[in-house]
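S.K.: Once you've had a glance at the structure underneath, I'll fire off some questions.
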Amino acid sequence: MKSVIKICNMESHQDIKLIQETVARNSGVIASEISLAKKEMIIIYNEDFLNIENILNSIEDLGYIVVWFLIIKVNIKK
């Protein structure tokens with residue numbers, strides 16, 4: 001599964017590092033990329049181990065505000 005997450009109060013490279021490290025701790029995360037200019041995170045994850053609610057909660061627990069997200073279904077060959 002691939003999701004795009006908009007984080008409105010992400011302001012610095014330190015924020016990016018903290019968010020990426022925290023999200024990466026979730027079992028099932030395959031890859032992530034953050035654009036500070038767009039204030040967006042793109043994350044690819046295995047939905048058998050992780051769901052979008054867990055990802056959003058891990059970001060919001062850090063004090064960041066998720067304003068929207070988009071889920072894109074992708075097939076990952078096993």
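How things are named: the first chain in the structure tokens is A, the next is B, and so on; residues count from 1 in each chain; ligands count from 1 in the order shown.
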Need to verify the contact set: range 48-62 of chain A, 7 Å, only C-alpha atoms, exclusion of same-chain residues closer than 5 positions in sequence. Can you return it as an MDAnalysis selection string?
M.R.: chainID A and resid 19 22:23 27:28
S.K.: If you run DSSP on this backbone, which residues of chain A come out as strand (DSSP E or B), and could you give them as a PyMOL selection string?
M.R.: chain A and resi 2-7+29-35+40-45+66-72
S.K.: Skip Lys39 in chain A itself and residues of its chain fewer than 6 positions away, then list as a list of chain:residue names all residues within 9 Å of it, counting only C-alpha atoms.
M.R.: A:Ile5, A:Lys6, A:Ile7, A:Cys8, A:Asn9, A:Met10, A:Glu11
S.K.: Restricting the output to C-alpha atoms, write the selected residues as a PDB file, in the first residue's frame.
M.R.:
ATOM      1  CA  ILE A   5       0.213  12.201   4.092  1.00  0.00           C
ATOM      2  CA  LYS A   6       0.024  16.012   4.398  1.00  0.00           C
ATOM      3  CA  ILE A   7       1.604  17.300   7.637  1.00  0.00           C
ATOM      4  CA  CYS A   8       0.928  21.009   8.125  1.00  0.00           C
ATOM      5  CA  ASN A   9       3.279  21.898  11.004  1.00  0.00           C
ATOM      6  CA  MET A  10       6.439  20.196   9.723  1.00  0.00           C
ATOM      7  CA  GLU A  11       8.973  23.033   9.521  1.00  0.00           C
TER       8      GLU A  11
END
S.K.: Can you work out the spacing between CA of Lys2 in chain A and CA of Ile34 in chain A in Å, to one decimal?
M.R.: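 Atom-to-atom, CA of Lys2 in chain A to CA of Ile34 in chain A, that is 13.3 Å.
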